[in-house]
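Engineer: Input model.tsv, format and content: TSV, C-alpha atoms.
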chain	number	residue	atom	x	y	z
A	1	MET	CA	-53.67	25.76	-70.81
A	2	GLU	CA	-57.40	26.04	-70.18
A	3	TYR	CA	-57.02	29.81	-70.50
A	4	TYR	CA	-56.48	29.57	-74.26
A	5	SER	CA	-59.02	28.41	-76.80
A	6	LYS	CA	-58.50	24.86	-78.06
A	7	GLN	CA	-56.56	25.60	-81.25
A	8	ILE	CA	-54.12	27.81	-79.39
A	9	SER	CA	-53.61	25.41	-76.48
A	10	ASP	CA	-53.12	22.52	-78.92
A	11	LEU	CA	-50.43	24.53	-80.68
A	12	ILE	CA	-48.73	25.45	-77.39
A	13	GLY	CA	-48.90	21.80	-76.31
A	14	GLU	CA	-47.29	20.56	-79.53
A	15	LEU	CA	-44.55	23.18	-79.38
A	16	SER	CA	-43.71	22.53	-75.73
A	17	SER	CA	-43.01	18.87	-76.56
A	18	LEU	CA	-40.01	19.94	-78.66
A	19	PRO	CA	-36.54	19.66	-77.08
A	20	GLY	CA	-35.39	22.82	-75.31
A	21	VAL	CA	-38.80	24.49	-75.59
A	22	GLY	CA	-40.42	25.12	-72.19
A	23	SER	CA	-43.97	26.30	-71.62
A	24	LYS	CA	-43.08	30.02	-71.72
A	25	SER	CA	-41.12	29.67	-74.98
A	26	ALA	CA	-43.93	27.56	-76.43
A	27	GLN	CA	-46.40	30.38	-75.71
A	28	ARG	CA	-44.04	32.94	-77.20
A	29	ILE	CA	-43.50	30.86	-80.35
A	30	ALA	CA	-47.25	30.12	-80.64
A	31	PHE	CA	-48.18	33.80	-80.60
A	32	HIS	CA	-45.40	34.53	-83.05
A	33	ILE	CA	-46.94	31.93	-85.39
A	34	LEU	CA	-50.47	33.32	-84.91
A	35	ASN	CA	-49.19	36.73	-85.95
A	36	MET	CA	-47.28	35.45	-89.01
A	37	PRO	CA	-48.66	35.98	-92.51
A	38	LYS	CA	-50.65	32.84	-93.42
A	39	ASP	CA	-48.24	31.76	-96.14
A	40	ARG	CA	-45.29	31.93	-93.72
A	41	ALA	CA	-47.13	29.75	-91.19
A	42	ASN	CA	-48.04	27.28	-93.93
A	43	SER	CA	-44.49	27.20	-95.18
A	44	LEU	CA	-43.30	26.31	-91.65
A	45	ALA	CA	-45.95	23.58	-91.38
A	46	ASN	CA	-45.04	22.23	-94.83
A	47	ALA	CA	-41.33	22.20	-94.03
A	48	ILE	CA	-42.10	20.00	-91.02
A	49	SER	CA	-44.40	17.49	-92.71
A	50	SER	CA	-42.47	17.43	-95.96
A	51	ALA	CA	-39.09	16.89	-94.28
A	52	ARG	CA	-40.53	14.13	-92.11
A	53	GLU	CA	-42.18	12.58	-95.18
A	54	ASN	CA	-39.26	12.76	-97.59
A	55	VAL	CA	-36.10	12.56	-95.53
A	56	LYS	CA	-34.80	9.01	-95.30
A	57	LEU	CA	-31.54	7.24	-94.62
A	58	CYS	CA	-28.87	7.13	-97.36
A	59	LYS	CA	-28.71	3.55	-98.67
A	60	THR	CA	-24.95	3.50	-98.32
A	61	CYS	CA	-23.96	5.47	-95.21
A	62	PHE	CA	-27.35	5.87	-93.43
A	63	THR	CA	-27.13	9.61	-92.98
A	64	LEU	CA	-30.41	11.55	-93.18
A	65	THR	CA	-30.95	12.80	-96.72
A	66	ASP	CA	-33.77	13.41	-99.19
A	67	GLN	CA	-32.06	11.36	-101.90
A	68	GLU	CA	-31.60	7.60	-102.29
A	69	VAL	CA	-27.84	8.03	-101.94
A	70	CYS	CA	-26.51	11.11	-100.16
A	71	PRO	CA	-24.35	13.70	-101.99
A	72	ILE	CA	-21.21	12.57	-100.13
A	73	CYS	CA	-21.59	8.90	-101.06
A	74	SER	CA	-22.43	9.76	-104.68
A	75	SER	CA	-19.57	12.26	-105.07
A	76	ASN	CA	-16.59	11.07	-107.10
A	77	LYS	CA	-14.34	13.49	-105.20
A	78	ARG	CA	-14.60	11.50	-101.99
A	79	ASN	CA	-12.22	8.69	-101.10
A	80	LYS	CA	-14.44	5.64	-100.66
A	81	LYS	CA	-11.58	3.70	-99.11
A	82	VAL	CA	-11.71	5.67	-95.87
A	83	ILE	CA	-14.88	5.40	-93.79
A	84	MET	CA	-15.53	7.55	-90.72
A	85	VAL	CA	-18.01	5.98	-88.31
A	86	VAL	CA	-20.19	8.57	-86.53
A	87	GLU	CA	-23.20	8.34	-84.25
A	88	ASP	CA	-25.59	10.57	-86.15
A	89	THR	CA	-26.05	12.99	-89.05
A	90	ARG	CA	-25.23	16.02	-86.92
A	91	ASP	CA	-21.81	14.56	-86.15
A	92	LEU	CA	-21.24	14.00	-89.87
A	93	VAL	CA	-22.16	17.63	-90.49
A	94	ALA	CA	-19.77	18.75	-87.73
A	95	TYR	CA	-16.90	17.07	-89.62
A	96	GLU	CA	-18.13	18.33	-93.00
A	97	LYS	CA	-17.95	21.87	-91.64
A	98	VAL	CA	-14.25	21.36	-90.90
A	99	GLY	CA	-13.90	20.76	-94.65
A	100	LYS	CA	-10.65	18.79	-94.43
A	101	TYR	CA	-11.97	15.24	-94.49
A	102	ASP	CA	-12.35	13.74	-97.96
A	103	GLY	CA	-13.38	10.20	-97.06
A	104	VAL	CA	-16.91	8.95	-96.63
A	105	TYR	CA	-19.01	8.23	-93.53
A	106	HIS	CA	-20.99	5.51	-91.86
A	107	VAL	CA	-23.75	6.77	-89.60
A	108	LEU	CA	-24.64	4.32	-86.81
A	109	ASN	CA	-27.78	6.21	-85.80
A	110	GLY	CA	-27.01	5.64	-82.12
A	111	THR	CA	-24.53	3.83	-79.90
A	112	MET	CA	-24.68	0.56	-78.08
A	113	ASN	CA	-26.25	1.18	-74.69
A	114	PRO	CA	-26.89	-1.95	-72.62
A	115	MET	CA	-28.71	0.09	-69.96
A	116	GLN	CA	-31.34	1.04	-72.54
A	117	GLY	CA	-31.28	-2.36	-74.21
A	118	ILE	CA	-29.55	-1.07	-77.35
A	119	GLY	CA	-27.23	-3.81	-78.57
A	120	PRO	CA	-24.96	-4.28	-81.62
A	121	ASN	CA	-27.94	-5.28	-83.76
A	122	ASP	CA	-29.80	-2.03	-83.04
A	123	ILE	CA	-27.20	0.22	-84.67
A	124	ARG	CA	-25.98	-0.02	-88.28
A	125	LEU	CA	-23.08	-2.40	-87.60
A	126	LYS	CA	-24.10	-5.23	-89.92
A	127	GLU	CA	-24.28	-2.67	-92.73
A	128	LEU	CA	-20.81	-1.35	-91.81
A	129	PHE	CA	-19.31	-4.82	-92.10
A	130	GLU	CA	-21.04	-5.34	-95.44
A	131	ARG	CA	-19.26	-2.21	-96.66
A	132	LEU	CA	-15.92	-3.50	-95.36
A	133	GLU	CA	-16.18	-6.45	-97.78
A	134	GLY	CA	-15.44	-3.91	-100.52
A	135	ASP	CA	-12.14	-2.07	-101.02
A	136	VAL	CA	-11.55	-0.24	-97.72
A	137	ASP	CA	-8.20	0.94	-96.33
A	138	GLU	CA	-9.17	2.54	-93.05
A	139	VAL	CA	-12.06	2.91	-90.65
A	140	ILE	CA	-11.92	6.02	-88.45
A	141	ILE	CA	-14.14	5.69	-85.40
A	142	ALA	CA	-15.55	9.10	-84.45
A	143	THR	CA	-18.26	8.18	-81.99
A	144	ASN	CA	-18.66	10.69	-79.14
A	145	SER	CA	-16.23	10.47	-76.28
A	146	THR	CA	-18.94	9.39	-73.82
A	147	THR	CA	-19.06	6.03	-72.05
A	148	GLU	CA	-21.38	4.58	-74.70
A	149	GLY	CA	-19.39	6.12	-77.55
A	150	GLU	CA	-16.10	4.72	-76.22
A	151	ALA	CA	-17.58	1.28	-75.61
A	152	THR	CA	-19.05	1.23	-79.11
A	153	ALA	CA	-15.66	2.28	-80.53
A	154	MET	CA	-13.87	-0.54	-78.70
A	155	TYR	CA	-16.47	-3.05	-79.79
A	156	ILE	CA	-16.21	-2.04	-83.45
A	157	SER	CA	-12.39	-1.98	-83.45
A	158	LYS	CA	-12.18	-5.49	-81.99
A	159	LEU	CA	-14.39	-6.80	-84.77
A	160	ILE	CA	-12.50	-4.99	-87.54
A	161	LYS	CA	-8.93	-5.83	-86.50
A	162	PRO	CA	-9.01	-9.49	-87.63
A	163	THR	CA	-9.93	-8.32	-91.15
A	164	GLY	CA	-6.57	-6.49	-91.46
A	165	ILE	CA	-8.23	-3.17	-92.23
A	166	LYS	CA	-6.62	-0.25	-90.37
A	167	VAL	CA	-8.84	1.04	-87.54
A	168	SER	CA	-8.29	4.38	-85.86
A	169	ARG	CA	-10.03	6.47	-83.24
A	170	ILE	CA	-10.16	10.28	-83.37
A	171	ALA	CA	-7.69	11.67	-80.83
A	172	SER	CA	-8.75	12.62	-77.36
A	173	GLY	CA	-8.32	16.27	-78.16
A	174	VAL	CA	-12.06	16.07	-77.85
A	175	PRO	CA	-12.95	16.89	-74.23
A	176	VAL	CA	-14.19	13.86	-72.30
A	177	GLY	CA	-17.97	13.94	-71.99
A	178	GLY	CA	-18.21	16.35	-74.92
A	179	ASP	CA	-20.66	16.08	-77.79
A	180	LEU	CA	-19.07	16.35	-81.28
A	181	GLU	CA	-21.56	18.81	-82.69
A	182	CYS	CA	-20.80	21.36	-79.98
A	183	ILE	CA	-17.03	21.40	-80.40
A	184	ASP	CA	-15.14	24.07	-82.31
A	185	GLU	CA	-13.69	23.23	-85.70
A	186	VAL	CA	-10.02	23.56	-84.72
A	187	THR	CA	-10.44	20.99	-81.96
A	188	LEU	CA	-12.25	18.68	-84.34
A	189	LEU	CA	-9.40	19.04	-86.85
A	190	ARG	CA	-6.75	18.35	-84.15
A	191	ALA	CA	-8.64	15.26	-83.13
A	192	LEU	CA	-8.72	14.04	-86.72
A	193	GLU	CA	-5.02	14.68	-87.33
A	194	GLY	CA	-4.01	13.07	-84.03
A	195	ARG	CA	-5.96	9.87	-84.55
A	196	LYS	CA	-4.21	6.71	-83.33
A	197	GLU	CA	-4.28	3.19	-84.64
A	198	LEU	CA	-6.19	0.87	-82.31
B	1	MET	CA	-26.67	24.95	-94.08
B	2	GLU	CA	-25.23	23.64	-97.34
B	3	TYR	CA	-24.11	20.55	-95.40
B	4	TYR	CA	-27.67	19.30	-95.09
B	5	SER	CA	-29.87	18.12	-97.94
B	6	LYS	CA	-32.45	20.68	-99.04
B	7	GLN	CA	-35.46	19.41	-97.07
B	8	ILE	CA	-33.45	19.35	-93.84
B	9	SER	CA	-31.87	22.76	-94.35
B	10	ASP	CA	-35.28	24.24	-95.25
B	11	LEU	CA	-36.65	22.86	-91.99
B	12	ILE	CA	-33.71	24.19	-89.98
B	13	GLY	CA	-34.09	27.56	-91.69
B	14	GLU	CA	-37.80	27.78	-90.89
B	15	LEU	CA	-37.25	26.76	-87.27
B	16	SER	CA	-34.40	29.19	-86.69
B	17	SER	CA	-36.69	32.08	-87.70
B	18	LEU	CA	-38.81	31.43	-84.59
B	19	PRO	CA	-38.25	33.68	-81.56
B	20	GLY	CA	-35.71	32.34	-79.07
B	21	VAL	CA	-34.58	29.55	-81.41
B	22	GLY	CA	-30.94	29.90	-82.51
B	23	SER	CA	-29.21	27.83	-85.17
B	24	LYS	CA	-28.08	25.08	-82.76
B	25	SER	CA	-31.55	24.72	-81.22
B	26	ALA	CA	-33.06	24.73	-84.72
B	27	GLN	CA	-30.80	21.79	-85.69
B	28	ARG	CA	-31.67	19.96	-82.50
B	29	ILE	CA	-35.41	20.48	-83.00
B	30	ALA	CA	-35.16	19.54	-86.70
B	31	PHE	CA	-33.51	16.19	-85.93
B	32	HIS	CA	-36.03	15.60	-83.18
B	33	ILE	CA	-38.79	16.11	-85.76
B	34	LEU	CA	-37.07	13.84	-88.32
B	35	ASN	CA	-36.97	11.09	-85.70
B	36	MET	CA	-40.61	11.54	-84.65
B	37	PRO	CA	-43.27	9.05	-85.75
B	38	LYS	CA	-44.86	10.44	-88.94
B	39	ASP	CA	-48.24	11.04	-87.33
B	40	ARG	CA	-46.63	13.09	-84.52
B	41	ALA	CA	-44.80	15.26	-87.07
B	42	ASN	CA	-48.01	15.74	-89.06
B	43	SER	CA	-49.93	16.61	-85.93
B	44	LEU	CA	-47.36	19.33	-85.14
B	45	ALA	CA	-47.60	20.64	-88.72
B	46	ASN	CA	-51.40	20.59	-88.58
B	47	ALA	CA	-51.51	22.38	-85.23
B	48	ILE	CA	-49.47	25.19	-86.81
B	49	SER	CA	-51.45	25.62	-90.02
B	50	SER	CA	-54.83	25.00	-88.41
B	51	ALA	CA	-54.24	27.46	-85.56
B	52	ARG	CA	-53.02	30.10	-88.01
B	53	GLU	CA	-56.04	29.42	-90.24
B	54	ASN	CA	-58.77	29.34	-87.60
B	55	VAL	CA	-57.66	31.60	-84.80
B	56	LYS	CA	-59.06	35.09	-85.17
B	57	LEU	CA	-59.78	38.09	-82.98
B	58	CYS	CA	-62.85	38.05	-80.68
B	59	LYS	CA	-65.43	40.47	-82.13
B	60	THR	CA	-65.90	42.12	-78.76
B	61	CYS	CA	-62.55	42.24	-76.94
B	62	PHE	CA	-60.09	41.36	-79.78
B	63	THR	CA	-58.31	38.57	-77.93
B	64	LEU	CA	-57.09	35.64	-80.03
B	65	THR	CA	-59.72	32.88	-80.07
B	66	ASP	CA	-61.12	30.23	-82.39
B	67	GLN	CA	-64.72	31.41	-81.82
B	68	GLU	CA	-66.57	34.49	-83.05
B	69	VAL	CA	-66.86	35.76	-79.47
B	70	CYS	CA	-64.37	34.50	-76.88
B	71	PRO	CA	-65.49	32.44	-73.83
B	72	ILE	CA	-64.88	35.39	-71.48
B	73	CYS	CA	-67.03	37.84	-73.46
B	74	SER	CA	-69.79	35.26	-73.92
B	75	SER	CA	-69.81	34.15	-70.26
B	76	ASN	CA	-72.73	35.42	-68.15
B	77	LYS	CA	-70.59	35.13	-65.02
B	78	ARG	CA	-68.35	38.03	-66.04
B	79	ASN	CA	-69.08	41.63	-65.10
B	80	LYS	CA	-69.36	43.48	-68.44
B	81	LYS	CA	-69.27	46.85	-66.67
B	82	VAL	CA	-65.57	46.56	-65.83
B	83	ILE	CA	-63.11	46.46	-68.75
B	84	MET	CA	-59.40	45.76	-68.32
B	85	VAL	CA	-57.30	47.10	-71.20
B	86	VAL	CA	-54.27	44.90	-71.98
B	87	GLU	CA	-51.66	44.89	-74.74
B	88	ASP	CA	-52.07	41.32	-75.95
B	89	THR	CA	-53.70	37.95	-75.35
B	90	ARG	CA	-50.79	36.73	-73.23
B	91	ASP	CA	-51.36	39.59	-70.78
B	92	LEU	CA	-55.04	38.65	-70.61
B	93	VAL	CA	-54.04	35.05	-69.83
B	94	ALA	CA	-51.63	36.25	-67.13
B	95	TYR	CA	-54.57	37.92	-65.33
B	96	GLU	CA	-56.91	34.97	-65.97
B	97	LYS	CA	-54.38	32.72	-64.25
B	98	VAL	CA	-54.67	34.89	-61.14
B	99	GLY	CA	-58.33	33.89	-61.20
B	100	LYS	CA	-59.58	36.86	-59.10
B	101	TYR	CA	-60.70	39.23	-61.85
B	102	ASP	CA	-64.31	38.80	-62.93
B	103	GLY	CA	-64.62	41.70	-65.38
B	104	VAL	CA	-63.96	41.54	-69.11
B	105	TYR	CA	-61.00	42.63	-71.24
B	106	HIS	CA	-60.10	44.80	-74.18
B	107	VAL	CA	-57.01	43.67	-76.07
B	108	LEU	CA	-55.23	46.51	-77.88
B	109	ASN	CA	-52.96	44.17	-79.86
B	110	GLY	CA	-50.00	46.50	-79.35
B	111	THR	CA	-49.15	49.90	-77.89
B	112	MET	CA	-48.72	53.27	-79.45
B	113	ASN	CA	-45.10	53.63	-80.54
B	114	PRO	CA	-44.32	56.81	-82.50
B	115	MET	CA	-40.75	55.59	-83.18
B	116	GLN	CA	-42.20	52.67	-85.14
B	117	GLY	CA	-45.01	54.72	-86.63
B	118	ILE	CA	-47.71	53.02	-84.54
B	119	GLY	CA	-50.32	55.65	-83.69
B	120	PRO	CA	-53.72	55.61	-81.90
B	121	ASN	CA	-55.44	54.33	-85.06
B	122	ASP	CA	-53.17	51.26	-85.27
B	123	ILE	CA	-54.32	49.76	-81.96
B	124	ARG	CA	-57.93	48.88	-81.05
B	125	LEU	CA	-58.80	52.25	-79.48
B	126	LYS	CA	-61.77	53.17	-81.66
B	127	GLU	CA	-63.29	49.80	-80.76
B	128	LEU	CA	-62.68	50.48	-77.05
B	129	PHE	CA	-64.55	53.78	-77.22
B	130	GLU	CA	-67.43	52.09	-79.07
B	131	ARG	CA	-67.70	49.69	-76.11
B	132	LEU	CA	-67.69	52.62	-73.66
B	133	GLU	CA	-70.93	53.90	-75.25
B	134	GLY	CA	-72.59	50.94	-73.52
B	135	ASP	CA	-73.03	50.52	-69.76
B	136	VAL	CA	-69.48	50.66	-68.35
B	137	ASP	CA	-68.46	51.60	-64.79
B	138	GLU	CA	-64.69	51.32	-64.86
B	139	VAL	CA	-61.77	50.93	-67.25
B	140	ILE	CA	-58.63	49.39	-65.70
B	141	ILE	CA	-55.55	50.10	-67.80
B	142	ALA	CA	-53.11	47.18	-67.55
B	143	THR	CA	-50.67	47.94	-70.35
B	144	ASN	CA	-47.07	46.98	-69.55
B	145	SER	CA	-45.05	49.36	-67.45
B	146	THR	CA	-42.68	50.19	-70.33
B	147	THR	CA	-42.30	53.63	-71.90
B	148	GLU	CA	-44.80	52.74	-74.65
B	149	GLY	CA	-47.19	51.06	-72.21
B	150	GLU	CA	-47.17	54.08	-69.90
B	151	ALA	CA	-47.64	56.55	-72.76
B	152	THR	CA	-50.53	54.51	-74.12
B	153	ALA	CA	-52.10	54.37	-70.64
B	154	MET	CA	-51.84	58.17	-70.26
B	155	TYR	CA	-53.31	58.73	-73.72
B	156	ILE	CA	-56.29	56.44	-73.08
B	157	SER	CA	-57.01	57.86	-69.61
B	158	LYS	CA	-57.06	61.43	-70.95
B	159	LEU	CA	-59.65	60.45	-73.56
B	160	ILE	CA	-61.84	58.53	-71.11
B	161	LYS	CA	-61.90	61.05	-68.24
B	162	PRO	CA	-64.33	63.53	-69.97
B	163	THR	CA	-66.88	60.69	-70.32
B	164	GLY	CA	-67.16	60.40	-66.53
B	165	ILE	CA	-66.27	56.70	-66.56
B	166	LYS	CA	-63.80	55.74	-63.79
B	167	VAL	CA	-60.30	55.02	-65.15
B	168	SER	CA	-57.61	53.26	-63.12
B	169	ARG	CA	-54.09	51.97	-63.73
B	170	ILE	CA	-52.70	48.78	-62.15
B	171	ALA	CA	-50.18	49.62	-59.41
B	172	SER	CA	-46.51	49.52	-60.20
B	173	GLY	CA	-43.93	48.87	-57.50
B	174	VAL	CA	-41.76	46.19	-55.98
B	175	PRO	CA	-42.83	42.69	-57.10
B	176	VAL	CA	-43.93	40.39	-54.28
B	177	GLY	CA	-40.94	38.31	-53.16
B	178	GLY	CA	-38.58	40.77	-54.85
B	179	ASP	CA	-35.29	41.67	-53.22
B	180	LEU	CA	-34.89	45.47	-52.99
B	181	GLU	CA	-31.22	45.44	-53.95
B	182	CYS	CA	-32.00	43.61	-57.22
B	183	ILE	CA	-34.72	46.00	-58.37
B	184	ASP	CA	-34.09	48.86	-60.78
B	185	GLU	CA	-34.17	52.46	-59.58
B	186	VAL	CA	-37.25	53.53	-61.53
B	187	THR	CA	-39.29	50.73	-59.95
B	188	LEU	CA	-37.98	51.65	-56.48
B	189	LEU	CA	-39.00	55.27	-57.06
B	190	ARG	CA	-42.49	54.22	-58.25
B	191	ALA	CA	-42.87	52.02	-55.17
B	192	LEU	CA	-41.92	54.96	-52.94
B	193	GLU	CA	-44.26	57.37	-54.71
B	194	GLY	CA	-47.12	54.87	-54.61
B	195	ARG	CA	-46.69	54.10	-50.89
B	196	LYS	CA	-49.85	53.55	-48.88
B	197	GLU	CA	-50.55	54.48	-45.29
B	198	LEU	CA	-50.76	51.44	-43.00
Now, as a test, write the supplied structure out as structure tokens.

Structural biologist:
Amino acid sequence: MEYYSKQISDLIGELSSLPGVGSKSAQRIAFHILNMPKDRANSLANAISSARENVKLCKTCFTLTDQEVCPICSSNKRNKKVIMVVEDTRDLVAYEKVGKYDGVYHVLNGTMNPMQGIGPNDIRLKELFERLEGDVDEVIIATNSTTEGEATAMYISKLIKPTGIKVSRIASGVPVGGDLECIDEVTLLRALEGRKEL
Amino acid sequence: MEYYSKQISDLIGELSSLPGVGSKSAQRIAFHILNMPKDRANSLANAISSARENVKLCKTCFTLTDQEVCPICSSNKRNKKVIMVVEDTRDLVAYEKVGKYDGVYHVLNGTMNPMQGIGPNDIRLKELFERLEGDVDEVIIATNSTTEGEATAMYISKLIKPTGIKVSRIASGVPVGGDLECIDEVTLLRALEGRKEL
């Protein structure tokens, strides 16, 4: 990067730390930014700092939102008695795009992963069980169908069963090893309809 | 994007306007940013607005730099009598990385492109000819070997020739390491026409 002056190489360095952006793309994006009108560049910079500053976790379901309670949790059209447990906000959005689910969500913000030292206390499980003390009919576990996602699903279902609340897992119409956000909507809908009691 | 709260969808929207960033990558990058420590996110935002604010064109060669005159033009180790004409700063950097060229540059910031209404007055040609009034031995034209790059090279060389200054064009041909069967026909023809006696 010594070939660029400091401001440019700093920008390229920052951009190349983003996921999926290699050094060539970082250069391309940097020069695109340098050629933008100033207000467009500032609006990009503001979107980044403002989103990071103002986006927080919903107090109820822990999805990323810029409100205290997210629009789904505060909507009176959603069935609060059905809670879908997902790994992160993108997975929630994947199911929202299907448009057929009218329950609410619980976002774990991760999965248990003993290899990385992430245990039950490092994801939002305590908060899930606090919610189950209210009036809940069913918990649908929609963690990814990866090793960690499956293990987390089993762990959660074992803890919920004694409470008498129905627990289900989205059907394995989802390809094994697949990531929810990348799967087409029809498959996601099949998986929801074919869920089985655990 | 209606599935995300405003701050998040604004961020995704801004990111997906960058070159080579589609809507899935924009989501991935956005969530990466939302999970960054705040100071890292601010440092990315600052790199963008500060680079856009402070980077300008070198007064001599018109490359992008954060100084009045770029390090190459102000270096006393560079031969000011040889000027390489390139389309943009990235092309300059490509030759700097080779590390064997000790002349200076002239960055056109584009090529002539009649289809898009870009004529000789829209690239830094007047400024090039002002530089040629000084003590210059050779102009090496290193515009890209595209239709516009070639046309621009021909146009410039025709204007320079009457001044008596030597004008050259970088060679075009088969790239080193290139496999003949994978190379387009125009390049193969150029390589044949430009053959050198051994």

Engineer: Please find the residues of chain A near chain B - the criterion being any atom within 7 Å, counting only C-alpha atoms - and write them as a list in words.

Structural biologist: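 Using only C-alpha atoms, chain A residues at most 7 Å from chain B: Tyr3, Ser5, Gln7, Ile8, Asp10, Leu11, Glu14, Leu18, Pro19, Ile29, Ile33, Leu34, Lys38, Ala41, Asn42, Leu44, Ala45, Asn46, Ala47, Ile48, Ser49, Ala51, Arg52, Thr65, Asp66, Val93 and Glu96 of chain A.
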
Engineer: Grab the CA of Lys80 (chain A) to CA of Ile156 (chain A) distance for me, in Å with one decimal place.

Structural biologist: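 Rounded to one decimal, the two atoms are 18.9 Å apart.
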
Engineer: Pairing every C-alpha atom in order, fit chain B onto chain A and give me the RMSD in Å.

Structural biologist: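 Least-squares fit of chain B onto chain A, C-alpha RMSD 5.4 Å.
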
Engineer: Between A:Gly119, A:Val85, A:Asp102, A:Phe129, which is the closest to Ile170 (chain A) once you count all atoms listed in the file?

Structural biologist: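 When distances to Ile170 (chain A) are compared using all atoms listed in the file, the smallest one comes from A:Val85.
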
Engineer: Under the rule that all atoms listed in the file are counted, which of B:Leu128, B:Arg190, B:Asp135, B:Asn144 is the nearest residue to Ile160 (chain B)?

Structural biologist: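 Going through B:Leu128, B:Arg190, B:Asp135, B:Asn144 one by one, the smallest distance to Ile160 (chain B) is for B:Leu128.
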
Engineer: Would you mind reading off the distance between CA of Met115 (chain B) and CA of Thr152 (chain B), one decimal, in Å?

Structural biologist: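 Atom-to-atom, CA of Met115 (chain B) to CA of Thr152 (chain B), that is 13.4 Å.
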